[in-house]
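To start, the structure under review is shown below, and the notes come after it.
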Amino acid sequence: QVQLVESGGGSVQAGGSLKLSCELSGSTDRLTAVAWFRQAPGKEREGVAVIFTGTYYSFYDDAVGDRFAITLDRDTTNYTVSLQMRTLQPAESAMYCCAAREGGGRWSLLTTWSYWGQGTQVTVSS
């Protein structure tokens with residue numbers, strides 16, 4: 001089992017920045033990827049960014065382009081995946097969740113993710 005705890009959400013004005021963190025614990029050595037998803041009220045959950053734990057390769061949804069950066073930091077005691085978000089827009093207000101998996105498949109497909117955090121709210125005001 002893997003546990004995920006997100007932090008760093010909050011309120012920011014349009015054009016501002018936020019950094020989210022996801023602390024992972026448990027059987028993290030078998031993870032193949034960690035990703036961030038977001039879900040706005042009335043909308044489907046969508047993938048924002050993913051990082052593959054073996055290669056540290058990362059991919060982003062076209063909507064965020066190079067405004068977001070996902071990073072993985074791990075050692076013997078800590079396992080953290082962060083999401084630096086810049087130039088945020090009101091339409092990006094959502095609950096942001098991190099997810100982890102031990103297998104493969106298209107990363108934007110929700111069913112390929114086994115472990116989920118509770119999420120952290122991001123609100124961007126105009």
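Identifiers for the structure tokens are assigned positionally: chains receive A, B, ... in sequence, residues are indexed from 1 per chain, and ligands are indexed from 1 in the order shown.
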For this session: Tell me, as number ranges by chain, which residues lie within 6 Å of Ala49 of chain A, counting only C-alpha atoms; anything in the same chain fewer than 6 positions away does not count.
Result: A: 35-36, 59-60
What does the file look like for those residues with C-alpha atoms, as a PDB file, in the first residue's frame?
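Listing of part23.pdb after writing:
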```
ATOM      1  CA  ALA A  35       1.085  12.196 -11.425  1.00  0.00           C
ATOM      2  CA  TRP A  36      -0.984  15.239 -10.628  1.00  0.00           C
ATOM      3  CA  PHE A  59       5.072  14.867 -19.463  1.00  0.00           C
ATOM      4  CA  TYR A  60       2.458  17.572 -19.301  1.00  0.00           C
TER       5      TYR A  60
END
```
For this session: Excluding Val48 of chain A and any residue of its chain fewer than 3 positions from it, enumerate the residues within 12 Å of it, using only C-alpha atoms, and give them as a VMD selection string.
Result: chain A and resid 34 to 39 45 51 58 to 70 83 to 85 92 94 to 99 107 to 110
Exercise. For the atom pair atom CA of Ser93 of chain A and atom CA of Ser21 of chain A, what is the interatomic distance in Å to one decimal place?
Worked result: 16.7 Å
For this session: From segment 26-125 of chain A, collect each residue whose DSSP state is strand (DSSP E) and return the set as an NGL selection string.
Result: :A and (26 or 33-39 or 46-52 or 58-60 or 68-74 or 79-85 or 94-101 or 115-116 or 120-125)
For this session: Tell me which protein, DNA and RNA residues are within 12 Å of Gln89 of chain A, counting only C-alpha atoms, leaving out same-chain ones fewer than 5 positions away, and put them as number ranges by chain.
Result: A: 11-18, 63-64, 67, 94, 122-126
With N, CA and C atoms retained, could you export that selection as a PDB file, in the first residue's frame?
```
ATOM      1  N   SER A  11      -5.166  30.152  -2.227  1.00  0.00           N
ATOM      2  CA  SER A  11      -5.745  31.148  -3.131  1.00  0.00           C
ATOM      3  C   SER A  11      -4.651  32.028  -3.695  1.00  0.00           C
ATOM      4  N   VAL A  12      -4.780  32.345  -4.960  1.00  0.00           N
ATOM      5  CA  VAL A  12      -3.795  33.177  -5.634  1.00  0.00           C
ATOM      6  C   VAL A  12      -4.512  33.983  -6.710  1.00  0.00           C
ATOM      7  N   GLN A  13      -3.972  35.126  -7.041  1.00  0.00           N
ATOM      8  CA  GLN A  13      -4.554  35.933  -8.111  1.00  0.00           C
ATOM      9  C   GLN A  13      -4.073  35.426  -9.465  1.00  0.00           C
ATOM     10  N   ALA A  14      -4.850  35.754 -10.482  1.00  0.00           N
ATOM     11  CA  ALA A  14      -4.494  35.354 -11.839  1.00  0.00           C
ATOM     12  C   ALA A  14      -3.079  35.845 -12.167  1.00  0.00           C
ATOM     13  N   GLY A  15      -2.313  34.947 -12.781  1.00  0.00           N
ATOM     14  CA  GLY A  15      -0.931  35.263 -13.093  1.00  0.00           C
ATOM     15  C   GLY A  15       0.048  34.856 -12.013  1.00  0.00           C
ATOM     16  N   GLY A  16      -0.478  34.431 -10.882  1.00  0.00           N
ATOM     17  CA  GLY A  16       0.376  34.061  -9.764  1.00  0.00           C
ATOM     18  C   GLY A  16       0.873  32.632  -9.841  1.00  0.00           C
ATOM     19  N   SER A  17       1.597  32.249  -8.799  1.00  0.00           N
ATOM     20  CA  SER A  17       2.225  30.930  -8.754  1.00  0.00           C
ATOM     21  C   SER A  17       1.892  30.217  -7.447  1.00  0.00           C
ATOM     22  N   LEU A  18       1.935  28.899  -7.508  1.00  0.00           N
ATOM     23  CA  LEU A  18       1.788  28.064  -6.329  1.00  0.00           C
ATOM     24  C   LEU A  18       2.648  26.825  -6.523  1.00  0.00           C
ATOM     25  N   ALA A  63      -2.585  21.789 -21.979  1.00  0.00           N
ATOM     26  CA  ALA A  63      -3.168  23.000 -21.400  1.00  0.00           C
ATOM     27  C   ALA A  63      -2.208  23.729 -20.460  1.00  0.00           C
ATOM     28  N   VAL A  64      -1.241  23.014 -19.898  1.00  0.00           N
ATOM     29  CA  VAL A  64      -0.329  23.667 -18.951  1.00  0.00           C
ATOM     30  C   VAL A  64       1.017  23.976 -19.574  1.00  0.00           C
ATOM     31  N   ARG A  67       4.293  25.962 -18.263  1.00  0.00           N
ATOM     32  CA  ARG A  67       4.022  26.777 -17.079  1.00  0.00           C
ATOM     33  C   ARG A  67       4.144  25.965 -15.797  1.00  0.00           C
ATOM     34  N   ALA A  94      -9.327  24.396  -9.043  1.00  0.00           N
ATOM     35  CA  ALA A  94      -9.752  22.996  -8.986  1.00  0.00           C
ATOM     36  C   ALA A  94      -9.184  22.348  -7.737  1.00  0.00           C
ATOM     37  N   VAL A 122      -7.002  24.527  -5.043  1.00  0.00           N
ATOM     38  CA  VAL A 122      -6.355  25.691  -5.636  1.00  0.00           C
ATOM     39  C   VAL A 122      -7.446  26.607  -6.176  1.00  0.00           C
ATOM     40  N   THR A 123      -7.414  27.864  -5.743  1.00  0.00           N
ATOM     41  CA  THR A 123      -8.397  28.843  -6.205  1.00  0.00           C
ATOM     42  C   THR A 123      -7.654  30.028  -6.798  1.00  0.00           C
ATOM     43  N   VAL A 124      -7.967  30.331  -8.044  1.00  0.00           N
ATOM     44  CA  VAL A 124      -7.330  31.441  -8.740  1.00  0.00           C
ATOM     45  C   VAL A 124      -8.385  32.503  -9.012  1.00  0.00           C
ATOM     46  N   SER A 125      -8.159  33.690  -8.492  1.00  0.00           N
ATOM     47  CA  SER A 125      -9.131  34.766  -8.647  1.00  0.00           C
ATOM     48  C   SER A 125      -8.686  35.740  -9.742  1.00  0.00           C
ATOM     49  N   SER A 126      -9.675  36.328 -10.387  1.00  0.00           N
ATOM     50  CA  SER A 126      -9.361  37.259 -11.487  1.00  0.00           C
ATOM     51  C   SER A 126      -9.173  38.670 -10.982  1.00  0.00           C
TER      52      SER A 126
END
```
For this session: To one decimal in Å, tell me the separation between atom CA of Ser27 of chain A and atom CA of Val2 of chain A.
Result: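 Separation of atom CA of Ser27 of chain A and atom CA of Val2 of chain A: 5.5 Å.
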